[in-house]
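Visitor: Take this structure first; my questions come after.
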Amino acid sequence: AKKPTISKSVDRITFNVENSILSSGNSFEILKRTPGVIVSQGQLLIKNRPADVYINDKKVYLTAQELQQLLEGFSGENVKSVEVITNPPARYNAEGGSILNIITSKNLSVGYKGSLNASNTIAIKPKYSVGTSQYYKTDWLNAFASYSYNTRTDVKQDLGRINFFDLSGSIDSRWKDEFNKETERESHSLSTILDFTLSEKSKLSLSANILVTPKSNSDIDGRTDIYNPQMQLDSLYTTDSRLENEGDNLLFNANYSTSLGENGSTFSAQANYIKYNDDQTQDLATNYFSAGGNLLSNNSFYTIANQNSDIYTGQFDFTSTIAGLAAEYGAKYSGINSNSGLDFFNTTTGSNNFNSALSDEFDYNENIFAGYLSVAKDWDTWSIKAGLRGENTDIEGESRSFGIVNTQNYFQLFPTFYLMHMVGENHSFGLDYSRRITRPRFQSLNPYRYFLNENNFQSGNPNLRPGIANKISLNYTFKNKLSFDLYWDRTDNAPSILPFQNNENRTLRSITDNLRYDQQFSFDVSYFDYVKDWWYLYLYGSLFNLENEFVAYESNNQLVVNKTTSVYLSASNYLTISKDGTFSGNITATYSPDFIAGSYDFDEPQYGVSLGLRKTFFNDRLSATVNVEDLFDTYNIPLRSNYLNQDNSFFAMPESRSIRFGVLYKFGNFKLRDNQRALDAEENERTKAQSLL
């Protein structure tokens, strides 16, 4: 029998990867290969929108870069499946967009199994990873632990261009810059799960996800050439910077669940504690030269930044039958306390002179109280699910040095609705609707600055407001192989990173600000089936129109609309090369001619090809893999922001092309697999999943 790769239920799609070639890589690579996922500028997108990542229904509170670092250290061998939830039901937080929920594996039968894994990634600079996973099960205990150590050197080159304008609108100066960044990083990742069977009805689960990065040091050097409008060199300056980071992210969870009575009712309660720390120093020096190479002046500064955050969550959930409807209901509290600061020192004179005007301390407190109710009903050919979630949010952020206080208190309702209808065995129709919220993260609210050079910096915005999103989708599936999805979504006050050049002062600042709105109309088509017994094919195409509107602060606060109509195409091929199934491979290709993000627009088409091979030995005890990412080195593309008196672009070129060699060795009773991992109350919904094969 063939194991399905994709299955669908009323509110999600499940991508099964256990024991496939994808499981030999890391978790971030699995998410990049998940159907419907788009990777753009380091972000994971679903239906062109950023996705939140959960692990076993627990949200991961990390930035995009930190999330990638965590998942690259979490072996794919520990991943059973990935759930793609485009319209999350009422049980989940109303914040964010779509969800990628990673479901981990563990033992089903009594016994022990373990594994050792190692990989070597060859790019411009090498990257190494070693790790181990351990599973153990008795009649009352199910234990899992996974540890990985990663050491790597990443190389990135940034090419930038800015055209500055005079008051008449003519180009007054042309700047071209090149920055080279080399980062040495070490990280330790530890994940543990302890499931205790207290009785036939009750279970207790304790888990932890720990990411420790004792070293992440970057050396940056750059040169900026300044030309007149006729492209004659006027002057130039060089920048040398040393950036040192040390941080850790600790997540601890306790979950208790029990059955109530004999009608299938359940109760669960869980608590989470997340500790986040990040310490950063930056030492930057700039030298200014004439066109002839004579030193004109120099400047240098030193910054010390730190951020310490504590996140607490607690919730309880019930499932029961109400008036013949399957019901879920519960309540949740989450709180964030974050303290951060930046000390800025001028060091041009050779001594550290504290600059209070550029230093700051920022305190942020957030409390959210939520309650929800969701009901579902199945008939012979109909399935319906509806929910309502209410959340009261209380936020206070204070910038002590800048004297900025942001206080917000509001209550919002978030309805969700799903309808699925089967016509015969070959036709399935669906309708989804959801209302969501995007709250600004505390990292984005902090107003202190991170400098790329003296004239180019990034800063937070303590005046950010939450964005409210509405999304509706119509979908149709034919013969469980061909799927069509037509949808519209709009987010008012959507947060986005926007660059603004000051033509008078010759600076470029990038801030997170609220767009007036951000919307899209899209039509998706996907096809998934075994073309041959040895060839599983997944095709995905999206035709979309993206549009947003924002305030141009450096252009007399005019309103600017940025829009595009484009497509995204991908083809994933999973191949069983040998008759005995021990040799397999995959080939994935993607293409998109245009995309927008805030005021940025793609300057060139984006496309890429990746492939992998996996060979197992000794009755699947040993496996070896080779994976090639971005085979033709075409994934990185330049972005440009060009409107009114603004014209700037950047071309970020990290090491997208790489070859990874990996080996995995299993020991113990390694054939004991978990194929029925319980996942709180939502498992009852997934047992009704409609197999797509």
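Chains: A, B, ... in order of the structure tokens. Residues: from 1 per chain. Ligands: from 1, in order shown.
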What's around Ser334 of chain A at 6 Å? Count only C-alpha atoms, leave out sequence neighbours fewer than 6 positions away in its own chain, and write the answer as a PyMOL selection string.
Guide: chain A and resi 312-313+367-368
Visitor: Kindly save the residues from that selection, with C-alpha atoms included, as an mmCIF file, in the first residue's frame.
Guide:
data_model
loop_
_atom_site.group_PDB
_atom_site.id
_atom_site.type_symbol
_atom_site.label_atom_id
_atom_site.label_comp_id
_atom_site.auth_asym_id
_atom_site.auth_seq_id
_atom_site.Cartn_x
_atom_site.Cartn_y
_atom_site.Cartn_z
ATOM 1 C CA TYR A 312 3.533 33.554 29.803
ATOM 2 C CA THR A 313 0.508 31.712 28.448
ATOM 3 C CA ASN A 367 -1.822 41.170 28.206
ATOM 4 C CA ILE A 368 -4.382 39.269 26.139
#
Visitor: List as JSON, numbers by chain the protein and nucleic acid residues near Asn669 of chain A, meaning an atom at most 7 Å away when only C-alpha atoms are counted, but skip any in the same chain fewer than 4 places from it.
Guide: {"A": [111, 112, 113]}
Visitor: Please produce a file of those selected residues containing all heavy atoms, as a CSV table (one decimal), in the first residue's frame.
Guide:
chain,number,residue,atom,x,y,z
A,111,GLY,N,9.3,0.2,23.8
A,111,GLY,CA,10.6,0.0,23.2
A,111,GLY,C,11.5,1.2,23.2
A,111,GLY,O,11.1,2.3,23.7
A,112,TYR,N,12.7,1.0,22.6
A,112,TYR,CA,13.6,2.1,22.6
A,112,TYR,C,14.2,2.2,21.2
A,112,TYR,O,14.4,1.2,20.5
A,112,TYR,CB,14.8,1.9,23.5
A,112,TYR,CG,16.0,2.8,23.3
A,112,TYR,CD1,16.0,4.1,23.6
A,112,TYR,CD2,17.1,2.2,22.6
A,112,TYR,CE1,17.1,4.9,23.3
A,112,TYR,CE2,18.2,3.0,22.3
A,112,TYR,CZ,18.2,4.3,22.7
A,112,TYR,OH,19.3,5.1,22.4
A,113,LYS,N,14.4,3.4,20.7
A,113,LYS,CA,15.1,3.6,19.4
A,113,LYS,C,15.8,4.9,19.5
A,113,LYS,O,15.5,5.8,20.3
A,113,LYS,CB,14.1,3.6,18.2
A,113,LYS,CG,13.2,4.8,18.2
A,113,LYS,CD,12.3,4.7,16.9
A,113,LYS,CE,11.4,5.9,16.8
A,113,LYS,NZ,10.6,5.9,15.6
Visitor: Kindly give the distance, in Å, that separates atom CA of Asn409 of chain A and atom CA of Arg435 of chain A, rounded to a single decimal.
Guide: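 Computing the Euclidean distance for atom CA of Asn409 of chain A and atom CA of Arg435 of chain A yields 18.9 Å.
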Visitor: Give me, as a ChimeraX atom specification, all polymer residues having an atom no more than 7 Å from Ile85 of chain A, counting only C-alpha atoms and skipping those fewer than 5 positions away in the same chain.
Guide: /A:11-13,98-100
Visitor: Deliver the residues from the most recent selection as a file, using N, CA, C and O atoms, as a JSON list (two decimals), in the first residue's frame.
Guide:
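Printed below is result33.json as written:
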[["chain", "number", "residue", "atom", "x", "y", "z"],
["A", 11, "ASP", "N", -10.54, 21.93, 7.53],
["A", 11, "ASP", "CA", -9.86, 23.19, 7.84],
["A", 11, "ASP", "C", -8.35, 23.15, 7.66],
["A", 11, "ASP", "O", -7.66, 24.08, 8.08],
["A", 12, "ARG", "N", -7.79, 22.09, 7.03],
["A", 12, "ARG", "CA", -6.34, 22.03, 6.87],
["A", 12, "ARG", "C", -5.93, 20.98, 5.86],
["A", 12, "ARG", "O", -6.70, 20.08, 5.51],
["A", 13, "ILE", "N", -4.67, 21.09, 5.42],
["A", 13, "ILE", "CA", -4.03, 20.09, 4.58],
["A", 13, "ILE", "C", -2.84, 19.54, 5.36],
["A", 13, "ILE", "O", -2.09, 20.30, 5.99],
["A", 98, "SER", "N", -1.76, 32.50, 8.22],
["A", 98, "SER", "CA", -1.82, 31.04, 8.14],
["A", 98, "SER", "C", -0.83, 30.41, 9.12],
["A", 98, "SER", "O", 0.05, 31.08, 9.66],
["A", 99, "ILE", "N", -0.99, 29.10, 9.33],
["A", 99, "ILE", "CA", -0.17, 28.38, 10.30],
["A", 99, "ILE", "C", 0.49, 27.18, 9.64],
["A", 99, "ILE", "O", -0.15, 26.44, 8.88],
["A", 100, "LEU", "N", 1.76, 26.99, 9.93],
["A", 100, "LEU", "CA", 2.48, 25.76, 9.62],
["A", 100, "LEU", "C", 2.74, 25.05, 10.93],
["A", 100, "LEU", "O", 3.55, 25.50, 11.75]]
